[in-house]
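Structure data (mmCIF, C-alpha atoms and all ligand atoms) from start_8.cif:
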```cif
data_work
loop_
_atom_site.label_atom_id
_atom_site.label_comp_id
_atom_site.auth_asym_id
_atom_site.auth_seq_id
_atom_site.Cartn_x
_atom_site.Cartn_y
_atom_site.Cartn_z
CA MET A 1 -90.87 1.90 51.88
CA ASN A 2 -88.07 3.61 49.91
CA THR A 3 -85.27 4.51 52.36
CA THR A 4 -82.81 5.85 49.75
CA PRO A 5 -81.64 9.31 50.93
CA SER A 6 -82.31 12.20 48.53
CA HIS A 7 -78.68 13.26 48.79
CA PRO A 8 -75.31 11.46 48.95
CA THR A 9 -74.47 10.12 52.39
CA PHE A 10 -72.08 12.21 54.47
CA GLY A 11 -69.96 11.10 57.45
CA ILE A 12 -70.84 14.33 59.22
CA LEU A 13 -74.51 13.17 59.13
CA GLY A 14 -73.57 9.88 60.78
CA ALA A 15 -72.98 7.76 57.65
CA ARG A 16 -69.96 5.51 57.20
CA PRO A 17 -66.94 7.60 56.13
CA ARG A 18 -65.89 7.30 52.46
CA PHE A 19 -62.41 6.20 53.57
CA ASN A 20 -62.15 3.32 56.04
CA THR A 21 -58.92 4.68 57.45
CA LEU A 22 -57.60 8.23 57.59
CA LEU A 23 -56.20 9.48 54.29
CA VAL A 24 -53.26 11.21 55.96
CA GLY A 25 -51.57 12.70 52.94
CA ASP A 26 -48.32 13.80 54.51
CA THR A 27 -46.95 10.44 55.52
CA THR A 28 -43.20 10.50 55.70
CA TYR A 29 -41.55 8.86 52.72
CA LEU A 30 -39.11 6.15 53.77
CA PRO A 31 -36.66 4.52 51.36
CA ALA A 32 -36.42 0.70 51.55
CA PRO A 33 -34.88 -0.61 54.83
CA GLU A 34 -32.06 -2.46 53.01
CA ARG A 35 -30.74 0.84 51.72
CA TYR A 36 -30.71 2.32 55.22
CA GLU A 37 -28.99 -0.75 56.53
CA SER A 38 -26.21 -0.55 53.99
CA ILE A 39 -25.47 3.16 54.48
CA PHE A 40 -25.70 2.87 58.30
CA ARG A 41 -23.30 -0.10 58.33
CA ASP A 42 -20.74 2.17 56.70
CA ILE A 43 -21.25 4.78 59.46
CA PHE A 44 -20.69 2.12 62.13
CA ALA A 45 -17.63 0.81 60.28
CA ARG A 46 -16.12 4.31 60.18
CA GLN A 47 -17.11 5.05 63.81
CA TYR A 48 -17.56 8.67 62.78
CA TYR A 49 -20.94 10.17 63.56
CA THR A 50 -20.69 13.96 63.38
CA ASN A 51 -18.35 16.96 62.93
CA GLN A 52 -18.64 17.30 59.16
CA GLY A 53 -18.34 13.60 58.41
CA PRO A 54 -17.95 12.20 54.89
CA LEU A 55 -21.72 11.77 54.34
CA THR A 56 -22.43 15.37 55.37
CA SER A 57 -19.72 16.58 52.98
CA GLN A 58 -21.13 14.35 50.24
CA LEU A 59 -24.66 15.69 50.80
CA GLU A 60 -23.36 19.29 50.69
CA GLN A 61 -21.54 18.50 47.47
CA ARG A 62 -24.57 16.91 45.81
CA LEU A 63 -26.91 19.69 46.93
CA SER A 64 -24.54 22.36 45.64
CA VAL A 65 -24.41 20.64 42.22
CA LEU A 66 -28.21 20.29 42.19
CA HIS A 67 -28.67 23.98 42.97
CA GLY A 68 -25.65 25.21 40.99
CA MET A 69 -24.39 26.96 44.13
CA ARG A 70 -20.84 27.65 45.33
CA HIS A 71 -21.74 26.83 48.95
CA VAL A 72 -24.17 24.54 50.71
CA VAL A 73 -23.95 24.40 54.51
CA CYS A 74 -25.85 21.49 56.09
CA VAL A 75 -27.41 22.05 59.51
CA THR A 76 -29.51 20.25 62.12
CA ASN A 77 -32.77 21.89 61.02
CA ALA A 78 -34.01 24.93 59.10
CA THR A 79 -34.94 26.88 62.23
CA ILE A 80 -31.33 27.01 63.39
CA GLY A 81 -30.38 27.75 59.77
CA LEU A 82 -32.61 30.85 59.79
CA ILE A 83 -31.12 32.01 63.12
CA MET A 84 -27.59 31.44 61.80
CA ALA A 85 -28.39 33.37 58.61
CA ALA A 86 -29.60 36.42 60.58
CA GLU A 87 -26.46 36.26 62.76
CA ALA A 88 -24.10 35.82 59.80
CA MET A 89 -25.55 38.90 58.04
CA GLU A 90 -25.44 40.86 61.33
CA LEU A 91 -29.06 41.98 60.95
CA ARG A 92 -30.40 44.48 63.47
CA ASP A 93 -33.69 46.10 64.52
CA GLN A 94 -36.44 45.15 62.05
CA VAL A 95 -36.96 42.60 59.28
CA VAL A 96 -39.85 42.48 56.78
CA VAL A 97 -41.67 39.13 56.67
CA PRO A 98 -44.90 38.04 54.97
CA ALA A 99 -48.21 38.01 56.85
CA LEU A 100 -48.21 34.24 56.24
CA ALA A 101 -45.14 33.22 58.25
CA SER A 102 -44.36 30.09 60.24
CA THR A 103 -43.39 29.72 63.88
CA SER A 104 -39.84 28.97 62.70
CA VAL A 105 -39.57 32.22 60.75
CA LEU A 106 -40.85 34.30 63.66
CA GLN A 107 -38.88 32.43 66.31
CA SER A 108 -35.67 32.73 64.29
CA LEU A 109 -36.15 36.52 64.41
CA ALA A 110 -36.93 36.42 68.13
CA TRP A 111 -33.74 34.43 68.85
CA ALA A 112 -31.76 36.90 66.75
CA GLY A 113 -33.29 39.85 68.66
CA LEU A 114 -35.14 41.15 65.59
CA GLU A 115 -38.63 42.58 65.22
CA PRO A 116 -40.90 41.30 62.41
CA ILE A 117 -42.65 43.89 60.23
CA PHE A 118 -45.46 42.12 58.37
CA CYS A 119 -46.27 42.74 54.73
CA ASN A 120 -49.37 41.59 52.87
CA ILE A 121 -49.57 38.48 50.75
CA ASP A 122 -51.26 38.25 47.36
CA SER A 123 -54.51 36.33 47.56
CA SER A 124 -53.95 34.48 44.27
CA THR A 125 -50.46 33.17 45.09
CA HIS A 126 -49.98 33.60 48.89
CA GLN A 127 -46.59 35.20 48.09
CA MET A 128 -45.35 38.57 49.43
CA ASN A 129 -47.04 41.62 47.95
CA ILE A 130 -44.24 43.68 46.44
CA GLY A 131 -46.19 46.95 46.50
CA HIS A 132 -46.68 46.62 50.26
CA VAL A 133 -43.02 45.72 50.86
CA THR A 134 -42.09 48.90 48.94
CA ASP A 135 -44.45 51.03 51.07
CA ILE A 136 -43.04 49.56 54.28
CA LEU A 137 -39.45 50.22 53.22
CA ASN A 138 -40.31 53.79 52.21
CA GLN A 139 -41.96 54.42 55.58
CA ASN A 140 -39.31 52.80 57.77
CA ARG A 141 -36.08 54.02 56.21
CA GLY A 142 -33.19 53.16 58.49
CA ALA A 143 -34.91 50.81 60.92
CA ILE A 144 -35.15 47.81 58.59
CA SER A 145 -32.01 45.76 57.99
CA GLY A 146 -33.42 42.89 55.93
CA ILE A 147 -36.24 41.12 54.15
CA LEU A 148 -36.92 37.51 55.09
CA ALA A 149 -38.95 36.31 52.11
CA VAL A 150 -40.86 33.02 52.23
CA ASN A 151 -41.27 30.94 49.09
CA GLN A 152 -44.69 29.54 49.84
CA TRP A 153 -46.30 26.24 48.78
CA GLY A 154 -43.79 24.89 46.25
CA SER A 155 -43.82 28.20 44.42
CA ILE A 156 -41.73 31.34 44.57
CA CYS A 157 -41.95 35.05 45.39
CA ASP A 158 -41.16 37.78 42.91
CA ALA A 159 -37.45 37.48 43.73
CA PRO A 160 -36.12 39.95 41.12
CA ALA A 161 -38.43 42.68 42.49
CA LEU A 162 -37.34 41.91 46.06
CA ARG A 163 -33.65 41.92 45.03
CA SER A 164 -33.98 45.29 43.42
CA LEU A 165 -35.72 46.69 46.54
CA ALA A 166 -33.02 45.21 48.81
CA SER A 167 -30.28 46.80 46.75
CA ARG A 168 -32.11 50.15 46.50
CA PHE A 169 -32.50 50.33 50.29
CA GLY A 170 -29.08 48.78 51.04
CA ILE A 171 -30.52 45.92 53.10
CA HIS A 172 -30.13 42.13 53.12
CA LEU A 173 -32.50 39.71 51.41
CA TYR A 174 -32.73 36.11 52.51
CA PHE A 175 -35.27 33.36 51.88
CA ASP A 176 -37.11 30.65 53.74
CA SER A 177 -37.21 28.20 50.81
CA VAL A 178 -38.38 25.26 52.90
CA HIS A 179 -41.38 24.73 50.60
CA ALA A 180 -39.40 25.29 47.42
CA PHE A 181 -36.75 22.55 47.43
CA ALA A 182 -35.32 22.01 43.91
CA ASN A 183 -37.68 24.52 42.25
CA VAL A 184 -36.40 25.87 38.98
CA VAL A 185 -36.91 29.58 38.42
CA ASN A 186 -36.66 30.87 34.84
CA GLY A 187 -34.42 27.95 33.96
CA ALA A 188 -32.12 28.38 37.00
CA SER A 189 -32.35 26.28 40.14
CA ILE A 190 -33.47 27.90 43.36
CA GLY A 191 -30.77 28.73 45.94
CA SER A 192 -29.37 32.02 44.69
CA LEU A 193 -32.47 34.22 44.96
CA GLY A 194 -31.06 36.20 47.88
CA ASP A 195 -27.89 36.53 49.97
CA VAL A 196 -28.71 33.16 51.47
CA GLU A 197 -31.57 30.64 51.25
CA VAL A 198 -32.63 28.19 53.93
CA PHE A 199 -34.13 24.71 53.33
CA SER A 200 -35.46 21.99 55.65
CA LEU A 201 -35.03 18.22 55.57
CA HIS A 202 -37.77 17.70 58.15
CA SER A 203 -39.69 14.48 57.59
CA SER A 204 -42.76 16.46 56.47
CA GLN A 205 -40.86 17.88 53.48
CA ILE A 206 -40.63 16.25 50.06
CA MET A 207 -36.86 16.03 50.53
CA GLY A 208 -36.36 14.60 53.99
CA GLY A 209 -33.51 13.63 56.27
CA ALA A 210 -35.66 12.77 59.34
CA GLU A 211 -34.45 16.15 60.60
CA GLY A 212 -31.89 18.43 59.00
CA GLY A 213 -31.65 21.45 56.78
CA PHE A 214 -29.20 23.38 54.65
CA LEU A 215 -28.28 26.89 53.55
CA CYS A 216 -27.25 27.97 50.05
CA THR A 217 -25.11 30.98 49.24
CA ASN A 218 -22.71 32.15 46.54
CA ASP A 219 -21.02 34.59 48.92
CA ASP A 220 -17.66 33.14 50.09
CA ALA A 221 -17.37 35.39 53.15
CA LEU A 222 -20.95 34.67 54.24
CA ALA A 223 -20.40 30.93 53.79
CA ALA A 224 -17.28 31.08 55.97
CA ARG A 225 -19.20 32.95 58.66
CA LEU A 226 -22.06 30.42 58.50
CA ARG A 227 -19.64 27.49 58.87
CA ASN A 228 -18.02 29.12 61.89
CA ILE A 229 -21.35 30.05 63.48
CA ARG A 230 -22.72 26.54 62.88
CA SER A 231 -20.43 25.05 65.50
CA SER A 232 -17.71 26.01 67.92
CA TYR A 233 -15.60 23.35 66.18
CA GLY A 234 -15.76 25.44 62.99
CA ALA A 235 -15.28 23.94 59.54
CA GLY A 236 -13.52 25.30 56.49
CA THR A 237 -11.85 28.72 56.57
CA PHE A 238 -11.56 30.16 60.12
CA THR A 239 -13.44 33.44 60.50
CA ALA A 240 -13.95 35.22 63.82
CA VAL A 241 -17.65 35.36 64.75
CA ALA A 242 -19.31 36.79 67.86
CA LYS A 243 -21.65 33.84 68.48
CA THR A 244 -21.51 30.15 67.71
CA SER A 245 -24.26 27.55 68.03
CA ASN A 246 -24.61 23.83 67.55
CA GLY A 247 -26.25 23.39 64.18
CA ARG A 248 -24.10 20.46 63.09
CA MET A 249 -25.70 17.82 60.92
CA SER A 250 -25.13 14.24 62.09
CA GLU A 251 -24.00 11.48 59.74
CA ALA A 252 -27.34 9.71 60.33
CA GLN A 253 -29.24 12.74 59.04
CA ALA A 254 -26.93 13.06 56.05
CA ALA A 255 -27.38 9.34 55.25
CA LEU A 256 -31.16 9.72 55.15
CA GLY A 257 -30.83 12.92 53.14
CA LEU A 258 -28.68 11.18 50.51
CA LEU A 259 -31.21 8.36 50.11
CA HIS A 260 -34.07 10.84 49.78
CA LEU A 261 -32.14 12.81 47.20
CA ASP A 262 -31.86 9.69 45.03
CA ASP A 263 -35.64 9.24 45.15
CA PHE A 264 -36.71 12.88 44.87
CA PRO A 265 -37.43 12.85 41.08
CA GLN A 266 -39.93 9.96 41.45
CA LEU A 267 -41.65 11.68 44.39
CA GLN A 268 -41.87 14.92 42.43
CA SER A 269 -43.43 13.33 39.34
CA ARG A 270 -45.85 11.34 41.45
CA ASN A 271 -47.00 14.55 43.17
CA LEU A 272 -47.38 16.30 39.83
CA ALA A 273 -49.67 13.52 38.55
CA LEU A 274 -51.82 13.78 41.70
CA LEU A 275 -51.93 17.57 41.54
CA GLN A 276 -53.09 17.44 37.92
CA ARG A 277 -55.80 14.99 38.93
CA TYR A 278 -56.96 17.41 41.64
CA GLU A 279 -56.92 20.24 39.09
CA SER A 280 -59.23 18.44 36.67
CA GLY A 281 -61.41 17.04 39.48
CA LEU A 282 -61.99 20.46 41.04
CA GLU A 283 -62.24 22.52 37.87
CA LYS A 284 -66.02 22.77 38.04
CA VAL A 285 -66.40 23.14 41.81
CA SER A 286 -67.28 26.79 42.17
CA GLY A 287 -66.10 28.68 45.23
CA LEU A 288 -62.97 26.52 45.53
CA ARG A 289 -59.73 27.68 43.92
CA LEU A 290 -56.65 25.49 43.67
CA LEU A 291 -53.44 27.48 43.99
CA LYS A 292 -51.17 26.69 41.04
CA PRO A 293 -47.39 26.94 41.28
CA SER A 294 -46.40 30.07 39.36
CA ASP A 295 -45.46 29.82 35.68
CA THR A 296 -41.90 30.86 36.28
CA CYS A 297 -41.05 27.91 38.49
CA ASN A 298 -40.80 24.20 37.99
CA SER A 299 -42.28 23.19 41.33
CA ASN A 300 -41.61 20.22 43.60
CA TYR A 301 -45.45 19.95 43.61
CA ALA A 302 -45.44 19.10 47.31
CA TYR A 303 -48.59 21.03 48.27
CA VAL A 304 -52.24 21.03 47.21
CA VAL A 305 -53.64 24.26 48.59
CA CYS A 306 -57.22 25.44 48.06
CA GLN A 307 -58.82 28.77 48.80
CA VAL A 308 -62.49 28.77 49.80
CA ASP A 309 -64.77 31.63 48.83
CA GLU A 310 -67.53 31.08 51.36
CA SER A 311 -70.02 33.34 49.59
CA VAL A 312 -69.81 31.14 46.48
CA PHE A 313 -69.07 27.73 48.00
CA GLY A 314 -71.84 28.10 50.54
CA MET A 315 -69.92 27.00 53.61
CA SER A 316 -66.89 28.20 55.57
CA ARG A 317 -63.39 26.72 55.29
CA ASP A 318 -63.64 25.30 58.82
CA ARG A 319 -67.02 23.68 58.17
CA LEU A 320 -65.67 22.14 54.97
CA ILE A 321 -62.65 20.75 56.84
CA ALA A 322 -65.10 19.20 59.36
CA VAL A 323 -67.09 17.62 56.49
CA LEU A 324 -63.88 16.16 55.01
CA LYS A 325 -62.60 14.95 58.39
CA ALA A 326 -65.84 13.05 58.91
CA GLU A 327 -65.03 11.21 55.64
CA ASN A 328 -61.53 10.37 57.01
CA ILE A 329 -59.90 12.89 54.69
CA ASN A 330 -57.11 14.77 56.39
CA ALA A 331 -57.79 18.26 55.04
CA ARG A 332 -56.04 20.79 57.23
CA HIS A 333 -54.41 24.11 57.80
CA HIS A 334 -51.31 24.32 59.97
CA PRO A 335 -51.34 26.76 62.89
CA CYS A 336 -47.51 26.59 62.92
CA LEU A 337 -47.38 27.79 59.30
CA GLU A 338 -49.57 30.79 60.08
CA ALA A 339 -48.04 31.74 63.45
CA SER A 340 -48.02 35.35 62.29
CA LEU A 341 -51.78 35.55 62.96
CA ALA A 342 -51.01 35.67 66.69
CA TYR A 343 -48.83 38.75 66.14
CA ILE A 344 -51.09 40.74 63.82
CA ALA A 345 -53.26 43.13 65.84
CA PRO A 346 -56.95 43.39 64.78
CA GLU A 347 -56.54 47.15 64.31
CA GLU A 348 -53.87 46.62 61.64
CA ASP A 349 -56.27 47.45 58.82
CA GLN A 350 -53.65 47.10 56.15
CA LEU A 351 -53.17 43.40 56.93
CA GLN A 352 -56.80 42.37 57.32
CA HIS A 353 -57.07 41.24 53.70
CA SER A 354 -54.14 38.85 54.25
CA VAL A 355 -55.68 37.61 57.49
CA ASP A 356 -58.89 36.77 55.59
CA VAL A 357 -56.92 34.94 52.91
CA ILE A 358 -55.09 32.90 55.58
CA ARG A 359 -58.37 32.04 57.33
CA ASN A 360 -59.80 30.59 54.11
CA TYR A 361 -57.11 28.27 52.80
CA PHE A 362 -56.63 24.57 53.46
CA GLN A 363 -54.43 21.74 52.22
CA LEU A 364 -55.59 18.49 50.68
CA PRO A 365 -53.83 15.12 51.04
CA LEU A 366 -50.88 14.42 48.75
CA GLY A 367 -47.86 12.14 48.88
CA VAL A 368 -46.84 8.52 49.08
CA ASP A 369 -50.00 7.21 50.75
CA VAL A 370 -52.39 8.87 48.26
CA SER A 371 -53.49 7.22 44.98
CA VAL A 372 -55.19 8.67 41.91
CA HIS A 373 -58.36 6.85 42.97
CA ASP A 374 -58.15 8.53 46.40
CA VAL A 375 -57.88 11.94 44.71
CA ASP A 376 -60.99 11.18 42.63
CA GLN A 377 -62.91 10.31 45.78
CA VAL A 378 -61.76 13.45 47.58
CA CYS A 379 -62.82 15.58 44.59
CA ALA A 380 -66.21 13.83 44.54
CA VAL A 381 -66.76 14.65 48.24
CA LEU A 382 -65.80 18.28 47.62
CA ALA A 383 -68.22 18.55 44.68
CA GLU A 384 -71.02 16.99 46.75
CA ALA A 385 -70.23 19.26 49.70
CA ARG A 386 -70.61 22.24 47.37
CA THR A 387 -73.96 20.95 46.07
CA TYR A 388 -75.34 20.29 49.57
CA ALA A 389 -73.56 23.18 51.32
CA THR A 390 -76.77 24.82 52.52
CA MET A 391 -77.82 21.64 54.31
CA LEU A 392 -74.33 20.74 55.62
CA LYS A 393 -73.61 24.13 57.10
CA LYS A 394 -76.63 23.82 59.40
CA ILE A 395 -75.34 20.62 61.03
CA GLU A 396 -74.14 21.05 64.62
CA VAL A 397 -70.52 19.90 65.02
C1 LIG B 1 -42.13 27.26 55.89
C2 LIG B 1 -41.30 26.60 56.95
N1 LIG B 1 -40.21 27.24 57.41
C3 LIG B 1 -39.42 26.68 58.34
C4 LIG B 1 -39.70 25.44 58.86
C5 LIG B 1 -38.80 24.87 59.92
O1 LIG B 1 -38.07 23.78 59.47
P1 LIG B 1 -37.35 22.84 60.53
O2 LIG B 1 -38.39 21.95 61.11
O3 LIG B 1 -36.34 22.08 59.73
O4 LIG B 1 -36.71 23.70 61.57
C6 LIG B 1 -40.82 24.73 58.43
C7 LIG B 1 -41.12 23.41 58.99
O5 LIG B 1 -41.92 22.62 58.56
C8 LIG B 1 -41.64 25.32 57.44
O6 LIG B 1 -42.73 24.68 56.97
#
```
What would the structure in this file look like if it were written as structure tokens?
Amino acid sequence: MNTTPSHPTFGILGARPRFNTLLVGDTTYLPAPERYESIFRDIFARQYYTNQGPLTSQLEQRLSVLHGMRHVVCVTNATIGLIMAAEAMELRDQVVVPALASTSVLQSLAWAGLEPIFCNIDSSTHQMNIGHVTDILNQNRGAISGILAVNQWGSICDAPALRSLASRFGIHLYFDSVHAFANVVNGASIGSLGDVEVFSLHSSQIMGGAEGGFLCTNDDALAARLRNIRSSYGAGTFTAVAKTSNGRMSEAQAALGLLHLDDFPQLQSRNLALLQRYESGLEKVSGLRLLKPSDTCNSNYAYVVCQVDESVFGMSRDRLIAVLKAENINARHHPCLEASLAYIAPEEDQLQHSVDVIRNYFQLPLGVDVSVHDVDQVCAVLAEARTYATMLKKIEV
């Protein structure tokens, strides 16, 4: 009797998964242990662990050269950086943020006593919709003191349009550029898009420091305020500030950051090669659209994001994630990156399009533990899932 199935085998139907172990895809990159050992020995020899140590100053110096910025202020993490930025600019009342905003963005506003006003995102890029930001500013004259723009998925917002709106309405513009480390925008490095930009060195980012973050600004007075807010010990020019925090970067974080910075170009080109492989592998899979970093930016290529059109693909985003999970492929969406969904009321008609976009995206594995062969296999599963979508969507999970 012929027992060959009439369709490819799928883990979700009980077959052996395509990958023996989970293809994680966001495994933290770790430089070789000997390099850690050497840089940590120096820290122990100096017996100086924090309070703007030499490694923190060196990291600030290297990051300011990389970004062509007058000031880089290293901090413990990006969340505290965002809170410090709001405090340094003395924001009040309301701040415009995109409908796709992380827990950190929203919590930074909460800690600064600010109310988020959500604007739509564009479905093709996931970046802020400038027309909607303009409408919001026109309607809320006076109550809004700033725009907190998010450069999403290794790409960038329409920063010139946002800058011109900020100047027209006399409000501040600052950026969560956590996803956009080292992007180059129209030939110029990221960092100076707004009054201040905030970056993370969390281990999940392409440029890591275990934890850590930094802020970029070309405004001398703002930089002085940030350095005095960062810690009650201050650093640099003394400036009176109402509140201080503890956002100091430790020498251990700076050491890891420096090692990562050395290796960033290799990580970036490796990601680009994988992303291009995904692009060609998914070209003919209808109903699945790969978001491409915008033409005006040289991306860090740290994210592979797909948008599912259920009516064409034949199955929902969540069902597709379940199919991939059953093959040991870590496809995912991050609740903490879309924390805004909990704040957007169902009756907010204007934002429903963005909510739908957010409910239909997912990320595919990328990074140091993913090979070109892995990408080919993932693309093959996606193509087969599309072909057998009608059958797969009926399976109970
Ligand atoms: C878009 C975005 N903003 C902010 C943060 C917060 O960064 P941190 O963990 O350094 O506070 C993250 C964390 O992953 C993030 O993805």
Quiz item: Quick one: residues within 9 Å of ligand LIG 1 (chain B), with only C-alpha atoms and all ligand atoms, as a PyMOL selection string?
Solution: chain A and resi 75-82+101-105+150-153+176-179+198-205+211-214+336-337
Closest pair table for range 9-77 of chain A residues within 8 Å of range 363-369 of chain A, all atoms listed in the file, as CSV:
```
residue,atom,partner,partner_atom,distance
A:Leu23,CA,A:Pro365,CA,6.9
A:Val24,CA,A:Pro365,CA,6.3
A:Gly25,CA,A:Pro365,CA,3.8
A:Asp26,CA,A:Gly367,CA,5.9
A:Thr27,CA,A:Asp369,CA,6.5
A:Thr28,CA,A:Val368,CA,7.8
A:Tyr29,CA,A:Val368,CA,6.4
```
Output file for the residues above (C-alpha atoms, as a PDB file, in the coordinates of the input):
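The resulting file, result24.pdb, is reproduced below:
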```pdb
ATOM      1  CA  LEU A  23     -56.200   9.480  54.290  1.00  0.00           C
ATOM      2  CA  VAL A  24     -53.260  11.210  55.960  1.00  0.00           C
ATOM      3  CA  GLY A  25     -51.570  12.700  52.940  1.00  0.00           C
ATOM      4  CA  ASP A  26     -48.320  13.800  54.510  1.00  0.00           C
ATOM      5  CA  THR A  27     -46.950  10.440  55.520  1.00  0.00           C
ATOM      6  CA  THR A  28     -43.200  10.500  55.700  1.00  0.00           C
ATOM      7  CA  TYR A  29     -41.550   8.860  52.720  1.00  0.00           C
TER       8      TYR A  29
END
```
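Checking A:Glu384, A:Asp309, A:Ala161, A:Gln268 one by one against Ile358 in chain A, counting only C-alpha atoms, you find the shortest gap at A:Asp309.
Non-sequential neighbours of Cys379 in chain A (distance at most 9 Å, separation of 2 or more positions within a chain, only C-alpha atoms) are A:Tyr278, A:Gly281, A:Leu282, A:Val285, A:Asp374, A:Val375, A:Asp376, A:Gln377, A:Val381, A:Leu382, A:Ala383, A:Glu384.
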Quiz prompt | Counting all atoms listed in the file, the residue of A:Thr390, A:Asn330, A:Thr217, A:Gln94 that sits nearest Asp195 in chain A | solution =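 Smallest distance to Asp195 in chain A is found for A:Thr217.
Relative to CA of Arg225 in chain A, CA of Ser192 in chain A is found at 17.3 Å.
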Quiz item: For Ser340 in chain A, which of A:Leu261, A:Val133, A:Met69, A:Leu106 is the closest residue, counting only C-alpha atoms?
Solution: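 Using only C-alpha atoms, Ser340 in chain A sits closest to A:Leu106.
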Quiz item: Which is closer to Arg18 in chain A than all the others in A:Val323, A:Leu290, A:Ile229, A:Leu100, using all atoms listed in the file?
Solution: A:Val323
